[in-house]
Amino acid sequence: MVVTCLGIGYLGGQVTQSSVETWYPLLEKPFFTPPNWAFPVAWTTLYIFMGIAAGLVWSRIEVETETVRKGLTFFAIQLVLNALWSYLFFGLKNPLLALIEIVLLWLMIYETYLPFKRVSRYAGYLFIPYLAWVTYATALNGAIWWMNR
């Protein structure tokens, strides 16, 4: 599961790379924008946490089949939405569309968190930093859209 999550992160990074060097530096950004080096560090850590959490939940499929299936379904959806955000923001250079999408992403992360924490409290704990980071990323995305509309 960790490799799958890191693979999704890699794909998102590929879409992001050229815009980070060309388009993104030209945008007005809020005071709370982190330095560019912080993004890959944060996302790599979060993808590892996501993968471990999914593995912990997957290991319980024989015991809590329905809750595990529900959690892993939401997990897959949020992982796709996670990759899609990079394409919308950096690939299409569309902060408004990315903002709308990141709200859906946050909701899917939360919907993943709920069954994950029921199956394994450690899996739930591993999703809290992800929820926090995407909350922050939503505010950052919104501010960038507002400042550059």
# chains A, B, ... in the order shown; residues from 1 in each chain; ligands from 1
call {"tool": "residues_around", "arguments": {"residues": "Asn141 in chain A", "least_positions_apart": "3", "cutoff": "8 Å", "atoms": "only C-alpha atoms", "output": "PyMOL selection string"}}
result
chain A and resi 95+98-99+137-138+144-145
call {"tool": "closest_atom_pairs", "arguments": {"of": "range 37-80 of chain A", "to": "range 19-23 of chain A", "cutoff": "12 Å", "atoms": "only C-alpha atoms", "output": "CSV"}}
result
residue,atom,partner,partner_atom,distance
A:Trp37,CA,A:Val20,CA,11.1
A:Phe39,CA,A:Val20,CA,11.0
A:Pro40,CA,A:Val20,CA,11.8
call {"tool": "closest_residue", "arguments": {"among": "A:Thr67, A:Arg149, A:Leu88, A:Val80", "to": "Tyr113 in chain A", "atoms": "only C-alpha atoms"}}
result
A:Thr67
call {"tool": "residues_around", "arguments": {"residues": "Arg60 in chain A", "least_positions_apart": "3", "cutoff": "12 Å", "atoms": "only C-alpha atoms", "output": "list in words"}}
result
Ala53, Ala54, Gly55, Leu56, Val57, Val63, Glu64, Thr65, Glu66, Thr67, Val68, Arg69, Gly71, Leu72, Pro115, Phe116, Arg118, Val119, Ser120 and Ala123 of chain A
call {"tool": "residues_around", "arguments": {"residues": "Leu140 in chain A", "least_positions_apart": "4", "cutoff": "8 Å", "atoms": "only C-alpha atoms", "output": "PyMOL selection string"}}
result
chain A and resi 30+32-33+136+144
call {"tool": "closest_residue", "arguments": {"among": "A:Ile102, A:Ala132, A:Ile48, A:Leu81", "to": "Gly12 in chain A", "atoms": "only C-alpha atoms"}}
result
A:Leu81
call {"tool": "atom_distance", "arguments": {"atom1": "CA of Lys29 in chain A", "atom2": "CA of Ala139 in chain A"}}
result
11.3 Å
call {"tool": "closest_residue", "arguments": {"among": "A:Gly9, A:Pro25, A:Gly142, A:Pro35", "to": "Asn94 in chain A", "atoms": "only C-alpha atoms"}}
result
A:Gly142
call {"tool": "closest_residue", "arguments": {"among": "A:Tyr110, A:Asn148, A:Leu6, A:Leu105", "to": "Phe49 in chain A", "atoms": "only C-alpha atoms"}}
result
A:Leu6
call {"tool": "atom_distance", "arguments": {"atom1": "CA of Trp106 in chain A", "atom2": "CA of Phe90 in chain A"}}
result
18.4 Å
call {"tool": "atom_distance", "arguments": {"atom1": "CA of Phe75 in chain A", "atom2": "CA of Leu114 in chain A"}}
result
10.8 Å
call {"tool": "select_by_dssp", "arguments": {"residues": "range 23-118 of chain A", "states": "alpha helix (DSSP H)", "output": "MDAnalysis selection string"}}
result
chainID A and resid 38:58 65:86 95:118
call {"tool": "closest_residue", "arguments": {"among": "A:Trp146, A:Tyr47, A:Phe74, A:Trp85", "to": "Val3 in chain A", "atoms": "only C-alpha atoms"}}
result
A:Tyr47
call {"tool": "decode", "arguments": {"residues": "range 131-146 of chain A", "atoms": "all heavy atoms", "output": "tab-separated table (two decimals), in the first residue's frame"}}
result
chain	number	residue	atom	x	y	z
A	131	LEU	N	-5.44	14.98	7.17
A	131	LEU	CA	-6.58	15.91	7.28
A	131	LEU	C	-6.10	17.33	7.59
A	131	LEU	O	-6.59	18.30	7.00
A	131	LEU	CB	-7.55	15.44	8.36
A	131	LEU	CG	-8.58	14.41	7.95
A	131	LEU	CD1	-9.27	13.83	9.18
A	131	LEU	CD2	-9.62	15.01	7.01
A	132	ALA	N	-5.16	17.43	8.50
A	132	ALA	CA	-4.64	18.76	8.87
A	132	ALA	C	-3.94	19.43	7.68
A	132	ALA	O	-4.18	20.62	7.41
A	132	ALA	CB	-3.68	18.63	10.05
A	133	TRP	N	-3.11	18.68	6.98
A	133	TRP	CA	-2.38	19.26	5.85
A	133	TRP	C	-3.34	19.68	4.73
A	133	TRP	O	-3.18	20.75	4.15
A	133	TRP	CB	-1.34	18.28	5.33
A	133	TRP	CG	-0.56	18.84	4.18
A	133	TRP	CD1	-0.78	18.60	2.84
A	133	TRP	CD2	0.53	19.77	4.24
A	133	TRP	NE1	0.12	19.31	2.08
A	133	TRP	CE2	0.93	20.03	2.91
A	133	TRP	CE3	1.20	20.39	5.28
A	133	TRP	CZ2	1.98	20.89	2.60
A	133	TRP	CZ3	2.26	21.24	4.97
A	133	TRP	CH2	2.63	21.49	3.64
A	134	VAL	N	-4.33	18.86	4.44
A	134	VAL	CA	-5.27	19.21	3.37
A	134	VAL	C	-6.17	20.37	3.80
A	134	VAL	O	-6.56	21.18	2.96
A	134	VAL	CB	-6.05	17.97	2.88
A	134	VAL	CG1	-7.15	18.36	1.90
A	134	VAL	CG2	-5.09	16.99	2.21
A	135	THR	N	-6.44	20.51	5.08
A	135	THR	CA	-7.14	21.70	5.57
A	135	THR	C	-6.31	22.94	5.28
A	135	THR	O	-6.81	23.94	4.75
A	135	THR	CB	-7.42	21.57	7.08
A	135	THR	OG1	-8.23	20.40	7.30
A	135	THR	CG2	-8.13	22.80	7.62
A	136	TYR	N	-5.03	22.86	5.61
A	136	TYR	CA	-4.10	23.95	5.35
A	136	TYR	C	-3.97	24.21	3.84
A	136	TYR	O	-4.03	25.35	3.38
A	136	TYR	CB	-2.74	23.61	5.96
A	136	TYR	CG	-1.62	24.50	5.54
A	136	TYR	CD1	-1.54	25.81	5.98
A	136	TYR	CD2	-0.62	24.02	4.69
A	136	TYR	CE1	-0.50	26.64	5.58
A	136	TYR	CE2	0.42	24.84	4.30
A	136	TYR	CZ	0.48	26.14	4.75
A	136	TYR	OH	1.50	26.95	4.35
A	137	ALA	N	-3.85	23.14	3.06
A	137	ALA	CA	-3.72	23.26	1.61
A	137	ALA	C	-4.97	23.88	1.00
A	137	ALA	O	-4.88	24.64	0.01
A	137	ALA	CB	-3.44	21.89	0.98
A	138	THR	N	-6.12	23.60	1.57
A	138	THR	CA	-7.37	24.20	1.09
A	138	THR	C	-7.34	25.71	1.32
A	138	THR	O	-7.71	26.49	0.43
A	138	THR	CB	-8.58	23.56	1.79
A	138	THR	OG1	-8.57	22.15	1.54
A	138	THR	CG2	-9.89	24.15	1.29
A	139	ALA	N	-6.91	26.12	2.49
A	139	ALA	CA	-6.79	27.56	2.77
A	139	ALA	C	-5.78	28.21	1.83
A	139	ALA	O	-6.02	29.31	1.31
A	139	ALA	CB	-6.40	27.78	4.23
A	140	LEU	N	-4.67	27.55	1.60
A	140	LEU	CA	-3.64	28.07	0.71
A	140	LEU	C	-4.18	28.17	-0.73
A	140	LEU	O	-4.02	29.19	-1.40
A	140	LEU	CB	-2.40	27.17	0.77
A	140	LEU	CG	-1.21	27.58	-0.06
A	140	LEU	CD1	-0.71	28.96	0.34
A	140	LEU	CD2	-0.10	26.54	0.09
A	141	ASN	N	-4.82	27.11	-1.19
A	141	ASN	CA	-5.41	27.10	-2.53
A	141	ASN	C	-6.44	28.24	-2.66
A	141	ASN	O	-6.43	28.98	-3.66
A	141	ASN	CB	-6.06	25.74	-2.77
A	141	ASN	CG	-6.59	25.52	-4.17
A	141	ASN	OD1	-6.74	24.38	-4.60
A	141	ASN	ND2	-6.91	26.54	-4.92
A	142	GLY	N	-7.29	28.37	-1.65
A	142	GLY	CA	-8.29	29.44	-1.69
A	142	GLY	C	-7.67	30.81	-1.74
A	142	GLY	O	-8.12	31.68	-2.50
A	143	ALA	N	-6.64	31.02	-0.94
A	143	ALA	CA	-5.97	32.32	-0.92
A	143	ALA	C	-5.29	32.62	-2.25
A	143	ALA	O	-5.35	33.74	-2.76
A	143	ALA	CB	-4.96	32.37	0.23
A	144	ILE	N	-4.66	31.61	-2.83
A	144	ILE	CA	-4.01	31.81	-4.13
A	144	ILE	C	-5.05	32.15	-5.19
A	144	ILE	O	-4.84	33.06	-6.00
A	144	ILE	CB	-3.16	30.56	-4.51
A	144	ILE	CG1	-1.93	30.49	-3.59
A	144	ILE	CG2	-2.76	30.59	-5.98
A	144	ILE	CD1	-1.13	29.22	-3.72
A	145	TRP	N	-6.15	31.42	-5.18
A	145	TRP	CA	-7.20	31.75	-6.15
A	145	TRP	C	-7.67	33.19	-5.96
A	145	TRP	O	-7.77	33.97	-6.92
A	145	TRP	CB	-8.39	30.78	-6.02
A	145	TRP	CG	-9.56	31.28	-6.79
A	145	TRP	CD1	-9.70	31.29	-8.15
A	145	TRP	CD2	-10.71	31.93	-6.25
A	145	TRP	NE1	-10.90	31.88	-8.50
A	145	TRP	CE2	-11.53	32.28	-7.35
A	145	TRP	CE3	-11.15	32.23	-4.97
A	145	TRP	CZ2	-12.76	32.93	-7.18
A	145	TRP	CZ3	-12.36	32.87	-4.81
A	145	TRP	CH2	-13.15	33.22	-5.90
A	146	TRP	N	-7.96	33.56	-4.72
A	146	TRP	CA	-8.48	34.90	-4.43
A	146	TRP	C	-7.49	35.99	-4.84
A	146	TRP	O	-7.89	37.00	-5.44
A	146	TRP	CB	-8.80	35.00	-2.93
A	146	TRP	CG	-9.42	36.32	-2.58
A	146	TRP	CD1	-8.81	37.39	-2.00
A	146	TRP	CD2	-10.78	36.70	-2.80
A	146	TRP	NE1	-9.70	38.42	-1.84
A	146	TRP	CE2	-10.92	38.02	-2.33
A	146	TRP	CE3	-11.88	36.05	-3.34
A	146	TRP	CZ2	-12.12	38.70	-2.38
A	146	TRP	CZ3	-13.08	36.75	-3.40
A	146	TRP	CH2	-13.18	38.05	-2.93
